[in-house]
file upload_14.tsv (TSV, C-alpha atoms)
chain	number	residue	atom	x	y	z
A	12	MET	CA	13.20	-11.49	-2.18
A	13	SER	CA	11.83	-8.97	-4.64
A	14	ALA	CA	12.04	-5.21	-4.36
A	15	VAL	CA	8.31	-4.96	-3.71
A	16	LEU	CA	8.69	-7.01	-0.59
A	17	ALA	CA	12.15	-5.94	0.42
A	18	VAL	CA	12.17	-2.18	0.16
A	19	PRO	CA	10.47	-0.54	3.10
A	20	THR	CA	8.90	2.83	2.44
A	21	ARG	CA	8.34	4.08	5.97
A	22	GLY	CA	10.86	6.34	7.60
A	23	ALA	CA	11.81	4.07	10.49
A	24	GLU	CA	12.03	0.99	8.31
A	25	PHE	CA	14.04	2.88	5.73
A	26	ALA	CA	16.49	3.87	8.46
A	27	ARG	CA	16.83	0.23	9.50
A	28	ALA	CA	17.39	-0.87	5.91
A	29	PHE	CA	19.89	1.88	5.20
A	30	PRO	CA	21.63	2.40	8.56
A	31	GLY	CA	24.13	5.15	9.18
A	32	PRO	CA	24.07	8.91	9.32
A	33	VAL	CA	21.62	10.90	7.25
A	34	LEU	CA	23.14	11.65	3.85
A	35	SER	CA	24.48	15.16	3.86
A	36	PRO	CA	27.22	16.93	1.93
A	37	PRO	CA	30.67	17.51	3.47
A	38	SER	CA	31.65	20.97	4.60
A	39	GLU	CA	32.28	23.76	2.11
A	40	GLY	CA	35.82	24.31	0.84
A	41	ALA	CA	36.86	20.74	1.54
A	42	SER	CA	39.52	18.78	-0.33
A	43	ASP	CA	39.36	16.42	-3.35
A	44	ASP	CA	38.62	13.63	-0.89
A	45	ALA	CA	35.56	15.54	0.28
A	46	LYS	CA	34.43	15.93	-3.33
A	47	ARG	CA	34.83	12.18	-3.88
A	48	ILE	CA	32.81	11.52	-0.73
A	49	ARG	CA	30.10	13.93	-1.94
A	50	ASP	CA	29.97	12.15	-5.31
A	51	CYS	CA	29.74	8.79	-3.57
A	52	LEU	CA	26.93	10.04	-1.36
A	53	ALA	CA	25.05	11.31	-4.40
A	54	GLU	CA	25.50	7.94	-6.06
A	55	ILE	CA	24.18	6.13	-2.99
A	56	LYS	CA	21.22	8.49	-2.88
A	57	ASN	CA	20.48	7.83	-6.56
A	58	TRP	CA	20.77	4.11	-5.96
A	59	ALA	CA	18.31	4.32	-3.08
A	60	SER	CA	15.93	6.34	-5.24
A	61	ARG	CA	16.09	3.74	-7.98
A	62	ARG	CA	15.45	0.97	-5.46
A	63	LEU	CA	12.41	2.83	-4.19
A	64	GLY	CA	11.19	3.37	-7.73
A	65	SER	CA	8.82	6.32	-7.87
A	66	ALA	CA	8.29	6.30	-4.12
A	67	ILE	CA	10.13	9.60	-3.78
A	68	ASP	CA	7.37	11.54	-5.47
A	69	PRO	CA	5.16	9.39	-7.69
A	70	ARG	CA	2.75	12.24	-8.46
A	71	VAL	CA	5.52	14.23	-10.10
A	72	LEU	CA	6.48	11.29	-12.28
A	73	LYS	CA	2.85	10.61	-13.20
A	74	ARG	CA	2.32	14.19	-14.28
A	75	GLN	CA	5.22	14.27	-16.70
A	76	PRO	CA	3.47	12.51	-19.61
A	77	ALA	CA	1.44	15.00	-21.63
A	78	SER	CA	-1.84	13.26	-22.36
A	79	THR	CA	-4.36	11.31	-20.31
A	80	THR	CA	-3.62	8.26	-22.42
A	81	GLU	CA	0.08	8.48	-21.66
A	82	ARG	CA	-0.54	8.96	-17.95
A	83	LEU	CA	-2.82	5.94	-17.84
A	84	HIS	CA	-0.44	3.79	-19.85
A	85	ALA	CA	2.42	4.82	-17.56
A	86	ALA	CA	0.41	3.91	-14.46
A	87	LEU	CA	-0.68	0.59	-15.95
A	88	ALA	CA	2.82	-0.34	-17.12
A	89	SER	CA	4.26	0.52	-13.73
A	90	ALA	CA	1.69	-1.64	-11.93
A	91	LYS	CA	2.39	-4.58	-14.24
A	92	VAL	CA	6.14	-4.27	-13.82
A	93	MET	CA	5.75	-4.26	-10.04
A	94	THR	CA	3.51	-7.32	-10.27
A	95	SER	CA	6.07	-9.10	-12.41
A	96	GLU	CA	8.59	-8.68	-9.56
A	97	VAL	CA	6.47	-10.89	-7.33
A	98	VAL	CA	4.98	-13.09	-10.01
A	99	MET	CA	6.49	-16.22	-8.45
A	100	HIS	CA	4.20	-15.72	-5.43
A	101	LEU	CA	1.02	-15.43	-7.48
A	102	ASP	CA	-1.10	-18.08	-9.09
A	103	ARG	CA	-0.98	-17.63	-12.87
A	104	GLU	CA	-4.73	-17.32	-13.25
A	105	TRP	CA	-4.86	-14.86	-10.35
A	106	ARG	CA	-2.19	-12.71	-12.00
A	107	ASP	CA	-3.81	-12.82	-15.45
A	108	ARG	CA	-7.13	-11.84	-13.95
A	109	LEU	CA	-5.50	-9.03	-11.97
A	110	PHE	CA	-3.97	-7.66	-15.16
A	111	ALA	CA	-7.36	-7.79	-16.86
A	112	GLN	CA	-8.93	-5.94	-13.92
A	113	LEU	CA	-6.23	-3.26	-14.08
A	114	ASP	CA	-6.69	-2.90	-17.85
A	115	ASP	CA	-10.38	-2.36	-17.23
A	116	LEU	CA	-9.95	-0.01	-14.26
A	117	LEU	CA	-7.56	2.23	-16.19
A	118	ALA	CA	-9.32	2.04	-19.57
A	119	VAL	CA	-8.84	5.30	-21.45
A	120	GLU	CA	-12.37	5.39	-22.85
A	121	ASP	CA	-13.91	5.39	-19.37
A	122	TRP	CA	-11.49	7.88	-17.88
A	123	HIS	CA	-12.21	11.44	-16.77
A	124	GLU	CA	-9.52	14.09	-17.24
A	125	ASP	CA	-9.56	15.11	-13.59
A	126	ASP	CA	-9.25	11.57	-12.21
A	127	GLU	CA	-5.99	10.75	-10.48
A	128	PRO	CA	-4.35	7.67	-12.06
A	129	LEU	CA	-3.26	4.78	-9.86
A	130	LEU	CA	-0.27	5.76	-7.73
A	131	ASP	CA	2.74	3.44	-7.72
A	132	GLU	CA	3.00	3.57	-3.94
A	133	SER	CA	-0.61	2.55	-3.52
A	134	PHE	CA	-0.17	-0.38	-5.85
A	135	ARG	CA	2.96	-1.45	-4.00
A	136	THR	CA	0.91	-1.51	-0.78
A	137	PHE	CA	-1.75	-3.56	-2.58
A	138	LEU	CA	0.80	-6.14	-3.72
A	139	ARG	CA	2.12	-6.46	-0.19
A	140	LEU	CA	-1.42	-6.85	1.05
A	141	ILE	CA	-1.98	-9.70	-1.38
A	142	LEU	CA	1.31	-11.37	-0.46
A	143	TYR	CA	0.65	-11.11	3.28
A	144	GLN	CA	-3.00	-12.08	3.13
A	145	LYS	CA	-2.89	-14.60	0.25
A	146	PRO	CA	-6.58	-14.39	-0.64
A	147	LYS	CA	-7.89	-17.16	-2.86
A	148	ARG	CA	-10.80	-15.04	-3.98
A	149	ARG	CA	-9.99	-11.96	-6.01
A	150	PRO	CA	-11.23	-8.56	-4.87
A	151	GLY	CA	-13.24	-6.16	-6.97
A	152	LEU	CA	-11.04	-3.15	-7.70
A	153	GLY	CA	-11.72	0.56	-7.54
A	154	LEU	CA	-9.77	3.78	-7.32
A	155	SER	CA	-10.13	6.61	-4.80
A	156	HIS	CA	-10.07	10.32	-5.62
A	157	ARG	CA	-6.45	10.33	-4.44
A	158	GLY	CA	-5.36	7.57	-6.84
A	159	HIS	CA	-5.34	4.87	-4.15
A	160	LEU	CA	-6.34	1.38	-5.19
A	161	ILE	CA	-9.43	0.09	-3.39
A	162	ALA	CA	-9.85	-3.66	-2.97
A	163	ALA	CA	-13.35	-4.83	-2.07
A	164	TRP	CA	-14.52	-8.29	-1.10
A	165	THR	CA	-18.22	-9.00	-0.83
A	166	ALA	CA	-19.82	-12.21	0.44
A	167	GLY	CA	-23.55	-11.71	0.63
A	168	ALA	CA	-24.10	-8.88	3.11
A	169	ASP	CA	-20.58	-9.24	4.53
A	170	ARG	CA	-18.36	-6.56	3.08
A	171	LEU	CA	-14.68	-5.75	3.40
A	172	THR	CA	-13.17	-2.67	1.76
A	173	LEU	CA	-9.47	-1.84	1.87
A	174	GLU	CA	-7.97	1.38	0.56
A	175	CYS	CA	-4.28	0.95	-0.15
A	176	ALA	CA	-2.48	4.19	0.63
A	177	SER	CA	1.20	5.05	0.44
A	178	ASP	CA	3.73	4.02	3.08
A	179	ASP	CA	2.19	0.54	3.44
A	180	THR	CA	-0.88	2.00	5.12
A	181	VAL	CA	-4.27	0.39	4.64
A	182	ARG	CA	-7.58	2.03	5.54
A	183	TRP	CA	-10.09	-0.71	6.20
A	184	VAL	CA	-13.80	-0.86	6.81
A	185	LEU	CA	-15.95	-3.95	7.21
A	186	SER	CA	-19.44	-5.08	7.96
A	187	CYS	CA	-20.16	-8.71	8.80
A	188	GLU	CA	-22.41	-10.99	10.78
A	189	ILE	CA	-20.93	-12.65	13.88
A	190	ASN	CA	-23.09	-14.93	16.05
A	191	GLY	CA	-26.22	-13.49	14.49
A	192	GLU	CA	-25.23	-9.89	15.15
A	193	ARG	CA	-24.05	-7.43	12.53
A	194	GLU	CA	-20.70	-5.89	13.42
A	195	ARG	CA	-19.07	-2.92	11.76
A	196	ALA	CA	-15.53	-1.73	12.22
A	197	ALA	CA	-13.03	0.55	10.56
A	198	GLY	CA	-9.47	1.66	11.03
A	199	GLU	CA	-6.09	2.30	9.56
A	200	THR	CA	-3.10	0.02	9.94
A	201	HIS	CA	0.20	-1.10	8.49
A	202	VAL	CA	-0.31	-3.72	5.80
A	203	ALA	CA	1.71	-6.31	7.75
A	204	ARG	CA	-0.67	-6.01	10.73
A	205	LEU	CA	-3.82	-6.48	8.67
A	206	PRO	CA	-4.07	-10.28	9.00
A	207	GLN	CA	-4.10	-9.90	12.81
A	208	ILE	CA	-6.64	-7.07	12.68
A	209	LEU	CA	-9.01	-9.08	10.50
A	210	GLN	CA	-8.60	-12.39	12.34
A	211	PRO	CA	-11.52	-11.91	14.81
A	212	TYR	CA	-13.87	-11.32	11.86
A	213	ARG	CA	-13.08	-14.69	10.28
A	214	PRO	CA	-11.70	-13.26	7.02
A	215	ASP	CA	-12.06	-16.56	5.16
A	216	ARG	CA	-15.64	-15.49	4.53
A	217	TRP	CA	-14.08	-13.04	2.03
A	218	PHE	CA	-10.75	-14.58	1.10
A	219	ALA	CA	-11.46	-18.29	0.70
A	220	ASP	CA	-12.69	-19.81	-2.53
A	221	ALA	CA	-16.46	-19.67	-2.78
A	222	ASP	CA	-16.61	-23.47	-2.36
A	223	GLN	CA	-14.33	-23.40	0.67
A	224	ALA	CA	-16.28	-20.56	2.27
A	225	ALA	CA	-19.54	-22.42	1.74
A	226	GLY	CA	-18.03	-25.58	3.22
B	6	MET	CA	-35.23	29.22	-2.83
B	7	PRO	CA	-33.94	25.73	-1.86
B	8	THR	CA	-36.65	23.25	-0.90
B	9	LYS	CA	-36.21	20.49	1.66
B	10	LEU	CA	-36.76	17.05	0.13
B	11	PRO	CA	-39.53	14.83	1.57
B	12	ALA	CA	-38.29	11.88	3.65
B	13	GLU	CA	-40.18	9.33	1.55
B	14	ASP	CA	-38.57	10.49	-1.71
B	15	HIS	CA	-35.28	9.46	-3.29
B	16	VAL	CA	-32.11	11.04	-4.59
B	17	VAL	CA	-29.95	9.79	-7.44
B	18	ARG	CA	-26.19	10.16	-7.14
B	19	TYR	CA	-23.86	9.92	-10.11
B	20	VAL	CA	-20.87	7.64	-9.48
B	21	ARG	CA	-17.83	7.26	-11.71
B	22	LYS	CA	-16.90	3.78	-12.86
B	23	ARG	CA	-13.83	3.63	-10.63
B	24	LEU	CA	-16.07	3.97	-7.54
B	25	LEU	CA	-18.53	1.21	-8.41
B	26	ARG	CA	-18.31	-1.85	-6.20
B	27	ARG	CA	-17.62	-5.04	-8.12
B	28	ASP	CA	-17.50	-8.70	-7.24
B	29	SER	CA	-14.54	-10.88	-8.19
B	30	ASP	CA	-16.07	-11.45	-11.62
B	31	ASP	CA	-16.33	-7.69	-12.21
B	32	ASN	CA	-20.10	-7.50	-11.96
B	33	VAL	CA	-21.32	-4.18	-10.56
B	34	ILE	CA	-22.97	-4.86	-7.19
B	35	GLY	CA	-23.14	-1.39	-5.65
B	36	VAL	CA	-20.89	1.52	-4.85
B	37	LEU	CA	-17.70	1.85	-2.80
B	38	PRO	CA	-17.73	3.94	0.40
B	39	ASP	CA	-15.50	6.52	-1.29
B	40	ALA	CA	-18.41	7.35	-3.62
B	41	PHE	CA	-19.67	9.55	-0.76
B	42	ASN	CA	-16.36	11.23	-0.02
B	43	MET	CA	-16.20	14.76	-1.36
B	44	ARG	CA	-13.39	15.71	-3.68
B	45	GLU	CA	-11.17	18.63	-2.83
B	46	GLY	CA	-13.06	21.87	-3.29
B	47	GLU	CA	-16.50	20.27	-2.95
B	48	LYS	CA	-18.63	21.63	-0.11
B	49	TYR	CA	-21.54	19.23	-0.33
B	50	LEU	CA	-22.58	16.03	-2.08
B	51	SER	CA	-24.36	16.46	-5.38
B	52	SER	CA	-27.48	14.47	-6.13
B	53	THR	CA	-30.72	14.72	-8.08
B	54	TRP	CA	-34.24	14.45	-6.71
B	55	LEU	CA	-35.88	11.47	-8.41
B	56	GLU	CA	-39.53	12.31	-7.68
B	57	HIS	CA	-39.05	15.84	-9.01
B	58	PHE	CA	-39.29	14.27	-12.47
B	59	SER	CA	-41.90	11.57	-11.87
B	60	GLN	CA	-43.66	9.82	-9.03
B	61	GLU	CA	-43.11	6.62	-10.99
B	62	TYR	CA	-39.71	5.29	-9.83
B	63	GLU	CA	-38.32	4.02	-13.14
B	64	LYS	CA	-39.46	7.08	-15.07
B	65	GLY	CA	-38.05	9.37	-12.41
B	66	LEU	CA	-34.73	7.53	-12.47
B	67	SER	CA	-34.45	7.76	-16.27
B	68	ALA	CA	-35.26	11.46	-16.23
B	69	ALA	CA	-32.87	12.15	-13.36
B	70	ALA	CA	-30.07	10.28	-15.17
B	71	ALA	CA	-30.78	12.28	-18.32
B	72	ALA	CA	-30.71	15.55	-16.36
B	73	ILE	CA	-27.37	14.62	-14.73
B	74	SER	CA	-26.00	13.77	-18.19
B	75	ARG	CA	-26.82	17.31	-19.32
B	76	GLN	CA	-24.72	18.64	-16.44
B	77	LEU	CA	-21.81	16.23	-16.46
B	78	ASP	CA	-19.78	14.11	-18.84
B	79	VAL	CA	-21.41	10.78	-17.98
B	80	LYS	CA	-19.71	7.82	-19.63
B	81	PRO	CA	-21.61	4.60	-20.46
B	82	ARG	CA	-19.82	2.54	-17.76
B	83	ASP	CA	-20.27	5.11	-15.02
B	84	GLY	CA	-23.20	4.53	-12.69
B	85	PHE	CA	-26.12	5.98	-10.81
B	86	THR	CA	-27.11	4.96	-7.31
B	87	VAL	CA	-30.40	5.70	-5.58
B	88	GLY	CA	-31.04	6.30	-1.88
B	89	ASN	CA	-34.08	7.15	0.20
B	90	VAL	CA	-33.99	10.65	1.70
B	91	GLY	CA	-35.27	9.62	5.15
B	92	LYS	CA	-32.78	6.76	5.38
B	93	ILE	CA	-29.90	9.05	4.47
B	94	VAL	CA	-30.82	11.43	7.28
B	95	GLU	CA	-31.42	8.58	9.74
B	96	THR	CA	-28.12	6.86	8.92
B	97	CYS	CA	-26.15	10.07	9.28
B	98	GLU	CA	-27.81	10.69	12.66
B	99	LYS	CA	-26.45	7.35	13.91
B	100	PHE	CA	-23.04	8.99	13.64
B	101	GLU	CA	-24.29	12.27	15.11
B	102	VAL	CA	-24.05	13.87	11.69
B	103	ARG	CA	-26.91	16.20	10.78
B	104	VAL	CA	-27.50	16.52	7.05
B	105	ARG	CA	-29.96	18.52	4.99
B	106	LEU	CA	-31.15	17.51	1.54
B	107	LEU	CA	-32.20	20.53	-0.46
B	108	ASN	CA	-33.47	20.91	-4.00
B	109	GLU	CA	-31.32	23.62	-5.57
B	110	GLY	CA	-32.42	23.27	-9.19
B	111	LYS	CA	-30.25	24.45	-12.04
B	112	PRO	CA	-31.39	25.27	-15.60
B	113	GLU	CA	-29.94	22.05	-17.06
B	114	ASN	CA	-31.07	19.92	-14.11
B	115	THR	CA	-34.08	21.27	-12.26
B	116	GLY	CA	-33.98	18.32	-9.84
B	117	TYR	CA	-30.41	19.08	-8.75
B	118	SER	CA	-30.12	18.68	-4.99
B	119	ALA	CA	-27.41	19.14	-2.40
B	120	ILE	CA	-26.73	16.86	0.53
B	121	ARG	CA	-25.22	19.33	2.98
B	122	GLY	CA	-23.42	18.53	6.20
B	123	VAL	CA	-21.66	15.29	5.18
B	124	PRO	CA	-18.16	15.24	6.70
B	125	ARG	CA	-15.05	14.27	4.75
B	126	ASP	CA	-13.29	10.94	5.15
B	127	HIS	CA	-15.93	9.44	7.49
B	128	ILE	CA	-15.38	5.95	6.15
B	129	GLU	CA	-17.77	4.19	8.56
B	130	LEU	CA	-20.63	6.47	7.60
B	131	PHE	CA	-19.84	6.11	3.91
B	132	GLU	CA	-19.76	2.33	4.24
B	133	MET	CA	-23.19	2.30	5.84
B	134	LEU	CA	-24.59	4.59	3.18
B	135	ALA	CA	-23.13	2.33	0.50
B	136	ALA	CA	-24.31	-0.90	2.12
B	137	ASP	CA	-27.71	-0.04	3.53
B	138	VAL	CA	-29.02	3.15	1.94
B	139	PHE	CA	-27.94	3.47	-1.68
B	140	ILE	CA	-29.07	0.00	-2.55
B	141	ASP	CA	-30.13	0.45	-6.17
B	142	THR	CA	-27.09	0.97	-8.40
B	143	ARG	CA	-27.27	0.87	-12.18
B	144	VAL	CA	-24.67	1.26	-14.90
B	145	ALA	CA	-25.45	4.34	-16.98
B	146	ALA	CA	-25.72	2.41	-20.24
B	147	ALA	CA	-28.43	0.21	-18.68
B	148	ILE	CA	-30.78	3.11	-17.92
B	149	PRO	CA	-33.13	3.80	-20.82
B	150	ALA	CA	-33.51	7.35	-22.07
B	151	PRO	CA	-36.76	8.98	-20.93
B	152	ALA	CA	-39.68	8.51	-23.31

call {"tool": "encode", "arguments": {"input": "upload_14.tsv", "output": "structure tokens"}}
result
Amino acid sequence: MSAVLAVPTRGAEFARAFPGPVLSPPSEGASDDAKRIRDCLAEIKNWASRRLGSAIDPRVLKRQPASTTERLHAALASAKVMTSEVVMHLDREWRDRLFAQLDDLLAVEDWHEDDEPLLDESFRTFLRLILYQKPKRRPGLGLSHRGHLIAAWTAGADRLTLECASDDTVRWVLSCEINGERERAAGETHVARLPQILQPYRPDRWFADADQAAG
Amino acid sequence: MPTKLPAEDHVVRYVRKRLLRRDSDDNVIGVLPDAFNMREGEKYLSSTWLEHFSQEYEKGLSAAAAAISRQLDVKPRDGFTVGNVGKIVETCEKFEVRVRLLNEGKPENTGYSAIRGVPRDHIELFEMLAADVFIDTRVAAAIPAPA
């Protein structure tokens, strides 16, 4: 299983994945053994940080490059690397089209200096969303003021909009017709729960191929 | 002195490319709900009164877009979306939100207007504004310059 799927980012899940006491240094004035333990703990912490990628503080990492172009290229490269980790779960055409959408979304010539580039953690949530939900139809992509990826599916007047935040959280809002009545709903949930949340709204109207949805 | 906008008139809101709603083939089909979410530091939603420039819709839209471009760095693939004043007020009232649309003209954009009273992060309201009220969205490059 890839890192995108395997590494939880929420506190409780992190604790389950990395059980044991919270990492803390040994007492002051301790022996050589204590120093070795401290070094080992630091190494474990670094390892965990690497496993989590930029989850520790992605904004800090994004702000290091000097120019807008560099920041955008860094965000784009990071998103593509993360996608490559789960590429075996994605249809080739779907992946190629996703890359093209990302290239377009983060195009330097359309960018405003004060826009927040795509956050790694948001994109990780998006990938999980795609892997859990397995939509046949691609979403239109946007980006919030906070650098969160927004995935939008539109089928006639039926609309579904998902904002992928950090920590696997998805803010969702939808509007659709059910039994001749227009229903609207919104909420916030963990990405893994989203399929259950959307089930009553018959999400195939958005996620199935156009031909399937029509059939 | 700010002037209240007539209910039958329209306002034009500038929307960056990243907040335009697209279909799976990347065609622009509207705006995302977040297009109505204020950024940090903003106290109201900016817009421009279309009829201030012309009673003729297309002419008013062109002139409003030109006025906004004098104020802001509008890029060709950014967009403009148009909503009816009365419908904005009515839709906000459905959520018990009372808004005021006031013309607060500036030298570079005399039609500049504020939509005051819109709360932050009210995603259901923003979705309804995006779906049912701001129903005419154009890419900036597609709007002709005023004659």

call {"tool": "closest_atom_pairs", "arguments": {"input": "upload_14.tsv", "of": "chain A", "to": "chain B", "cutoff": "8 Å", "atoms": "only C-alpha atoms", "output": "CSV"}}
result
residue,atom,partner,partner_atom,distance
A:Gln112,CA,B:Asp31,CA,7.8
A:Leu116,CA,B:Arg23,CA,6.4
A:Asp121,CA,B:Lys80,CA,6.3
A:Arg148,CA,B:Ser29,CA,7.0
A:Arg149,CA,B:Ser29,CA,5.2
A:Pro150,CA,B:Ser29,CA,5.2
A:Gly151,CA,B:Arg27,CA,4.7
A:Leu152,CA,B:Arg27,CA,6.9
A:Gly153,CA,B:Arg23,CA,4.8
A:Leu154,CA,B:Arg23,CA,5.2
A:Ser155,CA,B:Asp39,CA,6.4
A:His156,CA,B:Arg44,CA,6.6
A:Ala163,CA,B:Arg26,CA,7.1
A:Trp164,CA,B:Asp28,CA,6.8
A:Thr165,CA,B:Asp28,CA,6.5
A:Thr172,CA,B:Leu37,CA,7.9
A:Val184,CA,B:Glu129,CA,6.7
A:Leu185,CA,B:Glu132,CA,7.9
A:Arg195,CA,B:Glu129,CA,7.9
A:Ala196,CA,B:Glu129,CA,7.3
A:Ala197,CA,B:Glu129,CA,6.3

call {"tool": "atom_distance", "arguments": {"input": "upload_14.tsv", "atom1": "CA of Val144 (chain B)", "atom2": "CA of Lys9 (chain B)"}}
result
27.9 Å

call {"tool": "atom_distance", "arguments": {"input": "upload_14.tsv", "atom1": "CA of Asn108 (chain B)", "atom2": "CA of Ile73 (chain B)"}}
result
13.9 Å

call {"tool": "residues_around", "arguments": {"input": "upload_14.tsv", "residues": "Ile208 (chain A)", "least_positions_apart": "6", "cutoff": "12 Å", "atoms": "all atoms listed in the file", "output": "short mmCIF file (atom, residue, chain, number, x, y, z; two decimals) with C-alpha atoms, keeping the file's coordinate frame"}}
result
data_model
loop_
_atom_site.label_atom_id
_atom_site.label_comp_id
_atom_site.auth_asym_id
_atom_site.auth_seq_id
_atom_site.Cartn_x
_atom_site.Cartn_y
_atom_site.Cartn_z
CA GLN A 144 -3.00 -12.08 3.13
CA VAL A 181 -4.27 0.39 4.64
CA ARG A 182 -7.58 2.03 5.54
CA TRP A 183 -10.09 -0.71 6.20
CA VAL A 184 -13.80 -0.86 6.81
CA LEU A 185 -15.95 -3.95 7.21
CA ALA A 196 -15.53 -1.73 12.22
CA ALA A 197 -13.03 0.55 10.56
CA GLY A 198 -9.47 1.66 11.03
CA GLU A 199 -6.09 2.30 9.56
CA THR A 200 -3.10 0.02 9.94
CA HIS A 201 0.20 -1.10 8.49
CA VAL A 202 -0.31 -3.72 5.80
CA PRO A 214 -11.70 -13.26 7.02
#

call {"tool": "atom_distance", "arguments": {"input": "upload_14.tsv", "atom1": "CA of Val20 (chain B)", "atom2": "CA of Ala162 (chain A)"}}
result
17.1 Å

call {"tool": "residues_around", "arguments": {"input": "upload_14.tsv", "residues": "Cys97 (chain B)", "least_positions_apart": "2", "cutoff": "12 Å", "atoms": "all atoms listed in the file", "output": "tab-separated table (two decimals) with C-alpha atoms, keeping the file's coordinate frame"}}
result
chain	number	residue	atom	x	y	z
B	41	PHE	CA	-19.67	9.55	-0.76
B	90	VAL	CA	-33.99	10.65	1.70
B	91	GLY	CA	-35.27	9.62	5.15
B	92	LYS	CA	-32.78	6.76	5.38
B	93	ILE	CA	-29.90	9.05	4.47
B	94	VAL	CA	-30.82	11.43	7.28
B	95	GLU	CA	-31.42	8.58	9.74
B	99	LYS	CA	-26.45	7.35	13.91
B	100	PHE	CA	-23.04	8.99	13.64
B	101	GLU	CA	-24.29	12.27	15.11
B	102	VAL	CA	-24.05	13.87	11.69
B	103	ARG	CA	-26.91	16.20	10.78
B	104	VAL	CA	-27.50	16.52	7.05
B	105	ARG	CA	-29.96	18.52	4.99
B	106	LEU	CA	-31.15	17.51	1.54
B	120	ILE	CA	-26.73	16.86	0.53
B	121	ARG	CA	-25.22	19.33	2.98
B	122	GLY	CA	-23.42	18.53	6.20
B	123	VAL	CA	-21.66	15.29	5.18
B	124	PRO	CA	-18.16	15.24	6.70
B	127	HIS	CA	-15.93	9.44	7.49
B	128	ILE	CA	-15.38	5.95	6.15
B	129	GLU	CA	-17.77	4.19	8.56
B	130	LEU	CA	-20.63	6.47	7.60
B	131	PHE	CA	-19.84	6.11	3.91
B	132	GLU	CA	-19.76	2.33	4.24
B	133	MET	CA	-23.19	2.30	5.84
B	134	LEU	CA	-24.59	4.59	3.18
B	137	ASP	CA	-27.71	-0.04	3.53
B	138	VAL	CA	-29.02	3.15	1.94

call {"tool": "closest_residue", "arguments": {"input": "upload_14.tsv", "among": "B:Ala135, B:Lys64, B:Ala70, B:Lys111", "to": "Thr96 (chain B)", "atoms": "only C-alpha atoms"}}
result
B:Ala135

call {"tool": "residues_around", "arguments": {"input": "upload_14.tsv", "residues": "Lys147 (chain A)", "least_positions_apart": "4", "cutoff": "8 Å", "atoms": "all atoms listed in the file", "output": "ChimeraX atom specification"}}
result
/A:218-220

call {"tool": "axis_aligned_box", "arguments": {"input": "upload_14.tsv", "around": "region 121-140 of chain B", "padding_each_side": "4 Å", "output": "lines of an AutoDock Vina configuration file"}}
result
center_x = -21.2
center_y = 9.2
center_z = 3.0
size_x = 23.8
size_y = 28.2
size_z = 19.1

call {"tool": "closest_residue", "arguments": {"input": "upload_14.tsv", "among": "A:Glu192, A:Phe134, A:Glu96, A:Asp125", "to": "Ser78 (chain A)", "atoms": "all atoms listed in the file"}}
result
A:Asp125

call {"tool": "closest_residue", "arguments": {"input": "upload_14.tsv", "among": "B:Leu107, B:Pro151, B:Ala12, B:Arg143", "to": "Phe58 (chain B)", "atoms": "all atoms listed in the file"}}
result
B:Pro151

call {"tool": "residues_around", "arguments": {"input": "upload_14.tsv", "residues": "Glu124 (chain A)", "least_positions_apart": "3", "cutoff": "10 Å", "atoms": "only C-alpha atoms", "output": "list in words"}}
result
Ser78, Thr79, Thr80, Val119, Asp121, Glu127 and Pro128 of chain A
